[in-house]
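Participant: Below is the structure I would like to discuss, written out as C-alpha cells.
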Amino acid sequence: MSTAYHSQYWAHALTLRGSGGDIAALSRSIANARVDLNPHQIDAALFALRSPFTNGAILADEVGLGKTVEAGIVLSQKWAERRRRILIVVPAMLRKQWQQELSDKFFIPSEVLDTHVVKQRRKEAGNSSRVGAEARREGNPFDQKNKAVICSYNFAAARASSVAQVPWDMVVIDEAHRLRNVHRSRTRLQNNPAARKTMAHQITEAVGKAPKLLLTATPLQNSLLELFSLVSVIDPHVFGDAASFREQFVNSTDELSRNVQLKQRIAPVCTRTLRKQVTEYIPFTNRVPITQEFLPSEQEQNLYDSITTYLQRDVLYALPASQRQLITMVLRKLLASSTFAIARTLRSLAARLENLRDDMELVDDDDIEGVTELADEYAEDAEEEGDAKIDPEQLKGELADLRRYADLASCIGRNAKGDALLPALKTAFAKAEALGSPRKAVIFTESRETQNYLYDLLAADGYEGAVATINGTNNQPHHADIYQRWQAKHEGTDRLSGSRAVDMKAAIVEHFRDDATILVATEAAAEGVNLQFCSLVVNFDLPWNPQRIEQRIGRCHRYGQKHDVVVVNFLNRRNEADKRVYELLSEKFRLFDGVFGASDEVLGALESGVDIERRIADVYQTCRTNAEIQAAFDALQAELDAKIQARLAATRQALMENFDEDVRSRLKISREKTLECLSQRERWLLDLTRVELDGQAQFD
C-alpha cells in the first residue's frame with residue numbers, strides 16, 4: 001500500500017539532479033524528449049558530458065547517424081541544470097531546422113538571430129523604459145535569459161564582439177569542418193598582423209574558452225592539420241602550436257608510433273561511431289547504382305577540346321597566377337556541368353582582359369556555389385603574382401579566343417547530358433518504385449546556371465509544377481509562390497521564424513516532401529538538409545572529391561530511410577579521363593553501392609597527403625593523349641591501393657573508429673542502462689500520480 005510518505009520519497013527522487021555525466025541524470029533530462037533512444041547517441045552525449053578536464057568535445061559520427069540528436073541530449077542536460085546560455089552556430093540554411101528540432105524533440109525554446117531580428121530589437125529597445133542590466137541585455141541580442149540562440153556562421157563572425165560578451169554555458173557548432181582551416185588564418189596573422197581574420201578565426205576567437213560541441217561527419221578531408229585545427233578549437237593545449245604538430249605528426253616517418261600517440265591525444269575530445277557499428281539496432285538500406293552514359297554532340301566536343309587546349313597553355317593573361325589553379329579547377333567543373341554554366345564565366349574572363357583589371361572577381365557563387373571555401377583550400381598553393389611583360393598581340397589573340405569560346409557555348413541550345421537526364425529519370429523512377437519507394441528524386445549540380453537549365457528542361461518535358469529548386473539565394477519566381485503558400489499554411493504558428501531565408505528553405509523542403517516530385521539542388525544549399533523521405537539521388541555533376549559525394553548521398557541514405565536508395569551517375573562516353581574518374585570513385589571508393597557506401601578506411605586515403613581532387617585536376621591539365629591519361633590514372637590508382645591497404649586504413653581506424661575495443665558491447669550497455677533508468681522514473685511518476693490523484697482519477 002502506498003502512503004503520503006512514499007509520495008514524498010518519489011517526488012524527491014524525481015527532482016534529484018545527479019551528476020551531468022551519469023546515465024541516471026541524463027535519463028531525467030530526456031525523459032520527455034520525443035526521440036528514439038539509440039545507444040550510440042546516448043554514448044556520444046555521455047562522452048561530451050563526462051569530459052571535466054576538457055573544454056568540449058567533437059562528435060564525429062558518420063553522415064546520417066543523428067549528430068543533431070546527440071547535441072540535443074547534451075543541451076537537455078545543460079538546460080535541466082539551468083545552464084541556459086546556449087549558442088548554436090550553423091550554416092544559414094539549417095537555422096530553422098535546428099529551432100524546430102530543439103522545440104519538437106527536446107522542448108527547448110530558442111530564437112533565430114539575423115539582421116532583421118536585430119534591427120527589430122533595436123527599434124523596440126529605443127522605445128523601452130528599461131534600465132541597468134536589463135537594458136544592456138536588450139542591447140546585445142546574443143544575451144538571452146531563457147532561450148538558446150541560433151545564428152549563421154556569417155552572422156556570428158560579423159558580430160563577434162557581441163558573441164564574446166556573453167559567458168556561454170555551451171556553444172554548439174554544426175558542420176564544424178568549416179573550421180578545419182582556422183590554423184591557416186592564425187599563421188597568416190602571426191606573419192602579417194595586418195592580415196584579415198577568416199570567418200572561422202573570428203568565431204573561434206569570439207567563443208573563447210566556452211565549452212564547445214563540434215559536430216562534423218568529416219573531421220579530416222585533406223590533411224592531418226585539419227584535425228589539429230578542430231581539436232585546437234576545443235583545447236589548444238592538446239597539440240601545442242602548428243609547427244610542433246607538423247614536426248611530431250605530419251612529418252613523422254614512424255607511422256605506427258604516430259598513430260598510437262594521435263589516438264591517445266584525441267581520445268579525450270573526439271568520439272566517432274560508424275554505420276557498420278550500429279547495424280544491430282539501426283537497419284540501414286542498400287544503395288543501388290545506375291550509370292547513364294551520354295555522347296556529346298560535335299559542337300559540345302569542339303567546345304570541350306578548345307577550352308582544354310586553352311587551359312593547357314603556358315601563359316594565360318585572363319587567369320591571375322595567384323588564382324590559376326583555382327580558376328582552372330572551376331572552369332573544368334563548369335565545362336563538365338553544362339554549356340550554360342561555362343558561358344557566363346568565359347565572358348567574365350574576356351571582360352577582365354578587355355579592361356586589364358586585376359581586382360575583378362572572376363568566379364563567384366553564381367558560377368560554383370561555395371567557391372569561397374574552395375578558394376581557401378587553394379590559398380596555400382597560390383603562386384605569387386609576377387611582373388611579366390604583356391605581349392599585346394598575344395593578349396589580343398587570347399581575348400579573341402575567349403570571345404569565340406563564349407559565343408560557341410551560348411550557341412549550343414541542347415546539351416547531350418541534359419537530354420540523357422530524361423530517360424535516366426524514367427529508368428530510375430521505375431527502379432525506385434519497384435523497390436517500394438515514393439516517386440521523389442533529388443538532382444545535385446554545382447552550378448546555378450545548370451540548375452536553371454535543368455528546371456526549364458524538366459518543366460518543358462512533363463514535370464511542370466512538379467519541380468522545385470534550392471540554392472544559396474532562392475530568388476526565382478517559383479520560390480516566391482512556394483513561400484507564400486507555406487506562409488499562409490503556417491500563419492500564427494511557431495513554424496515561422498521571422499527570417500525569410502530560414503523560412504524559405506523550410507518551405508522548399510516541405511513543398512518537395514508533400515507536393516513536388518523533383519528537387520534540383522546545389523551542393524552548398526543542401527548541406528545538412530535531411531531528405532530521408534526521398535530515395536533517388538541523381539549526381540548530374542560528379543564531384544572529384546569522394547567526401548562530397550558521400551555527403552550528397554547521405555542526405556537521403558541516412559537513419560530513417562525506409563527504402564533502398566537509387567544513385568544515378570552520368571558518364572561521358574567520349575572522355576577517357578571522365579571514365580577513369582568514375583571507375584576510381586565507383587570501384588576504389590565504393591561510393592555508389594552496398595549498405596555503407598565509402599568506408600572510413602577508404603575515404604581515409606584522402607587524409608594523408610593524397611589530395612584526390614587536385615591529383616585528378618592535374619591529370620586533366622597535363623595529359624594530352626589517351627595513353628597519357630591511362631598511365632596517369634594507373635599510377636594514381638596504384639598509389640591509392642597501397643595507401644588504402646596499409647597506411648590510412650590504420651590511421652583512420654586507430655584514430656576515429658575504435659577508442660574502445662568493444663564498441664558494440666559498450667553501446668549495448670548504454671542502451672540497457674538508459675532504458676532501465678527511464679523505466680524506473682516512469683514507475684515513480686506513475687506511483688506518485690496514483691497517490692496524489694487517489695479518488696479523483698481512474699487508472700487502467
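To be explicit about the labels: the chains of the C-alpha cells are called A, B, and onward in the order shown, and within each one the residues are counted from 1, while ligands get numbers from 1 in the order they are shown.
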Just list as a ChimeraX atom specification whatever in segment 442-557 of chain A DSSP marks as helix (DSSP H, G or I).
Facilitator: /A:448-463,477-489,500-514,546-554
Participant: Near Lys440 of chain A, counting only C-alpha atoms, which residues have an atom at most 6 Å away, once you skip same-chain residues fewer than 6 positions from it, shown as a list in words?
Facilitator: Thr517, Ile518 and Cys534 of chain A
Participant: Just the selected residues (N, CA and C atoms), exported as a PDB file, in the first residue's frame, please.
Facilitator:
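In the end it all went to result.pdb:
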ATOM      1  N   THR A 517       7.847  16.465 -57.179  1.00  0.00           N
ATOM      2  CA  THR A 517       8.433  15.163 -57.486  1.00  0.00           C
ATOM      3  C   THR A 517       9.953  15.239 -57.534  1.00  0.00           C
ATOM      4  N   ILE A 518      10.476  16.385 -58.009  1.00  0.00           N
ATOM      5  CA  ILE A 518      11.920  16.527 -58.210  1.00  0.00           C
ATOM      6  C   ILE A 518      12.417  17.793 -57.530  1.00  0.00           C
ATOM      7  N   CYS A 534      13.101  10.827 -49.450  1.00  0.00           N
ATOM      8  CA  CYS A 534      13.436  10.653 -50.867  1.00  0.00           C
ATOM      9  C   CYS A 534      14.482   9.546 -50.987  1.00  0.00           C
TER      10      CYS A 534
END
Participant: Considering only C-alpha atoms, return as a PyMOL selection string whatever protein or nucleic-acid residues lie within 8 Å of Ser535 of chain A, sequence-local ones (same chain, fewer than 5 positions apart) excluded.
Facilitator: chain A and resi 432+437-438+440-441+556-557+561+563-566
Participant: Write to file, as a compact mmCIF listing (two decimals), in the first residue's frame, the residues of the selection just made, with N, CA and C atoms.
Facilitator:
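What landed in selection02.txt:
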# COMPACT_ATOMS: atom_id res chain seq x y z
N ALA A 432 13.15 2.63 -58.56
CA ALA A 432 12.79 3.03 -57.20
C ALA A 432 11.40 2.53 -56.83
N SER A 437 9.69 2.52 -53.27
CA SER A 437 9.98 3.90 -52.88
C SER A 437 8.96 4.87 -53.45
N PRO A 438 8.75 6.01 -52.78
CA PRO A 438 7.88 7.05 -53.35
C PRO A 438 8.54 7.70 -54.56
N LYS A 440 10.08 10.31 -55.78
CA LYS A 440 10.81 11.53 -55.41
C LYS A 440 12.25 11.40 -55.87
N ALA A 441 12.82 12.49 -56.37
CA ALA A 441 14.22 12.48 -56.80
C ALA A 441 14.87 13.81 -56.45
N CYS A 556 20.02 11.49 -48.26
CA CYS A 556 18.90 10.55 -48.39
C CYS A 556 19.19 9.21 -47.72
N HIS A 557 20.41 8.72 -47.88
CA HIS A 557 20.77 7.41 -47.32
C HIS A 557 21.26 7.62 -45.90
N GLN A 561 15.71 6.31 -43.31
CA GLN A 561 15.38 5.93 -44.69
C GLN A 561 14.81 4.51 -44.69
N HIS A 563 13.74 2.83 -47.53
CA HIS A 563 13.86 2.14 -48.81
C HIS A 563 15.31 2.14 -49.29
N ASP A 564 15.62 1.20 -50.17
CA ASP A 564 16.93 1.24 -50.83
C ASP A 564 17.04 2.53 -51.63
N VAL A 565 18.23 3.10 -51.65
CA VAL A 565 18.45 4.38 -52.32
C VAL A 565 19.10 4.13 -53.69
N VAL A 566 18.43 4.61 -54.73
CA VAL A 566 18.95 4.51 -56.09
C VAL A 566 19.84 5.71 -56.37
Participant: Against segment 484-487 of chain A, which residues of segment 501-550 of chain A fall within 9 Å? For each one I want the closest pair of atoms and the distance in Å (one decimal), counting only C-alpha atoms, rows by chain and increasing residue number, as CSV.
Facilitator:
residue,atom,partner,partner_atom,distance
A:Asp503,CA,A:Gln487,CA,8.4
A:Met504,CA,A:Trp486,CA,8.6
A:Ala506,CA,A:Trp486,CA,8.8
A:Ala507,CA,A:Trp486,CA,5.7
A:Ile508,CA,A:Trp486,CA,8.7
A:Glu510,CA,A:Trp486,CA,8.3
A:His511,CA,A:Trp486,CA,8.1
Participant: Just give me the gap between atom CA of Pro289 of chain A and atom CA of Asn572 of chain A in Å, one decimal is fine.
Facilitator: 16.5 Å
